[in-house]
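So the structure is just underneath, and the comments pick up after that.
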Amino acid sequence: MCTFQMRVITWLDWFHTVTLVPIADPRAAELAPTIPREDLEAAIHCIAKNGRIYRGARCVRFIGLRMPLLAPFSLLLWIPGVIYLAEIVYRWVSRNRHVLGKLFGCKSACAIVPARRREP
C-alpha cells in the first residue's frame with residue numbers, strides 16, 4: 001500500500017476501525033499466512049473479524065462501509081454486477097499504478113513503505 005493510500009484511509013477512518021499493516025511489517029505474514037507475497041503486492045487485502053479475507057475492490061467495498069464518507073460509494077458496489085466492473089478497474093489501476101503515480105505527481109508513493117503508527 002502506498003503512502004498516499006495509507007494517509008487517505010487513515011484520514012477517512014474516523015472511528016478507527018481499520019488497522020493498516022504494510023507487507024514490510026512482519027505481522028503481515030502472521031495475519032495472512034496463506035496469501036502469497038505476490039498477491040499481497042498486487043492488491044489491497046483486509047481481514048474481517050470473522051477471518052474472511054477480502055481483496056481488491058471487494059476490500060475497498062468492505063472497509064468503505066465502515067467509513068462515513070466512503071459508505072455511499074461502497075453501497076453502489078453492492079448493486080448487482082457493479083463489483084465485477086470495479087474488480088476490472090481495480091486490477092487495471094493496480095497493474096498501472098507506477099505509471100499513474102507519475103502522471104499524478106507521486107514520486108515514490110507506489111513503493112512499499114515501512115510500518116507506520118496511527119497518530120493520536
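Residue names in the C-alpha cells use chain letters A, B, ... in the order shown, residue numbers from 1 in each chain, and ligand numbers from 1 in the order shown.
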
Quiz item: Using only C-alpha atoms, which residues sit within 8 Å of region 50-61 of chain A once same-chain residues fewer than 6 positions away are excluded, as a list in words?
Solution: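 Near neighbours after the sequence-gap exclusion: Ala43, Ile44, Phe73, Ser74, Leu75, Leu77, Ile83, Ala86, Glu87, Tyr90 and Arg91 of chain A.
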
Quiz item: Running DSSP on the backbone, which parts of chain A land in alpha helix (DSSP H), as a PyMOL selection string?
Solution: chain A and resi 3-12+27-31+37-42+57-64+71-76+82-95+97-103

Practice problem: Please identify all polymer residues within 12 Å of region 11-15 of chain A, counting only C-alpha atoms, omitting same-chain residues fewer than 3 positions from it, and present them as a count of residues only. | Solution: 20

Quiz item: What is the distance, in Å and to one decimal place, between CA of Asn96 (chain A) and CA of Pro36 (chain A)?
Solution: 20.4 Å

Practice problem: Would you please work out which residue, of A:Thr3, A:Arg27, A:Pro22, A:Arg97, is nearest to Leu40 (chain A) when using only C-alpha atoms? | Solution: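 Once distances to Leu40 (chain A) are computed over only C-alpha atoms, the minimum belongs to A:Pro22.
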
Quiz item: Got a sec to tell me which of chain A DSSP assigns to strand (DSSP E), as a PyMOL selection string?
Solution: chain A and resi 45-47+53-55

Just the selected residues (N, CA and C atoms), exported as an mmCIF file, in the first residue's frame, please.
```
data_model
loop_
_atom_site.group_PDB
_atom_site.id
_atom_site.type_symbol
_atom_site.label_atom_id
_atom_site.label_comp_id
_atom_site.auth_asym_id
_atom_site.auth_seq_id
_atom_site.Cartn_x
_atom_site.Cartn_y
_atom_site.Cartn_z
ATOM 1 N N HIS A 45 -5.606 -5.990 0.694
ATOM 2 C CA HIS A 45 -6.357 -7.074 1.329
ATOM 3 C C HIS A 45 -6.838 -6.597 2.694
ATOM 4 N N CYS A 46 -7.946 -7.155 3.149
ATOM 5 C CA CYS A 46 -8.357 -6.911 4.532
ATOM 6 C C CYS A 46 -8.906 -8.208 5.106
ATOM 7 N N ILE A 47 -8.753 -8.319 6.397
ATOM 8 C CA ILE A 47 -9.222 -9.500 7.113
ATOM 9 C C ILE A 47 -10.302 -9.053 8.075
ATOM 10 N N ILE A 53 -11.258 -13.052 4.252
ATOM 11 C CA ILE A 53 -10.302 -12.161 3.594
ATOM 12 C C ILE A 53 -10.944 -11.564 2.343
ATOM 13 N N TYR A 54 -10.861 -10.247 2.229
ATOM 14 C CA TYR A 54 -11.357 -9.525 1.064
ATOM 15 C C TYR A 54 -10.165 -8.935 0.322
ATOM 16 N N ARG A 55 -10.251 -8.897 -1.010
ATOM 17 C CA ARG A 55 -9.135 -8.450 -1.843
ATOM 18 C C ARG A 55 -9.620 -7.444 -2.874
#
```

Quiz item: How many Å separate CA of Asp39 (chain A) from CA of Val21 (chain A)?
Solution: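 Computing the Euclidean distance for CA of Asp39 (chain A) and CA of Val21 (chain A) yields 14.7 Å.
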
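CA of His16 (chain A) lies 26.1 Å from CA of Thr34 (chain A).
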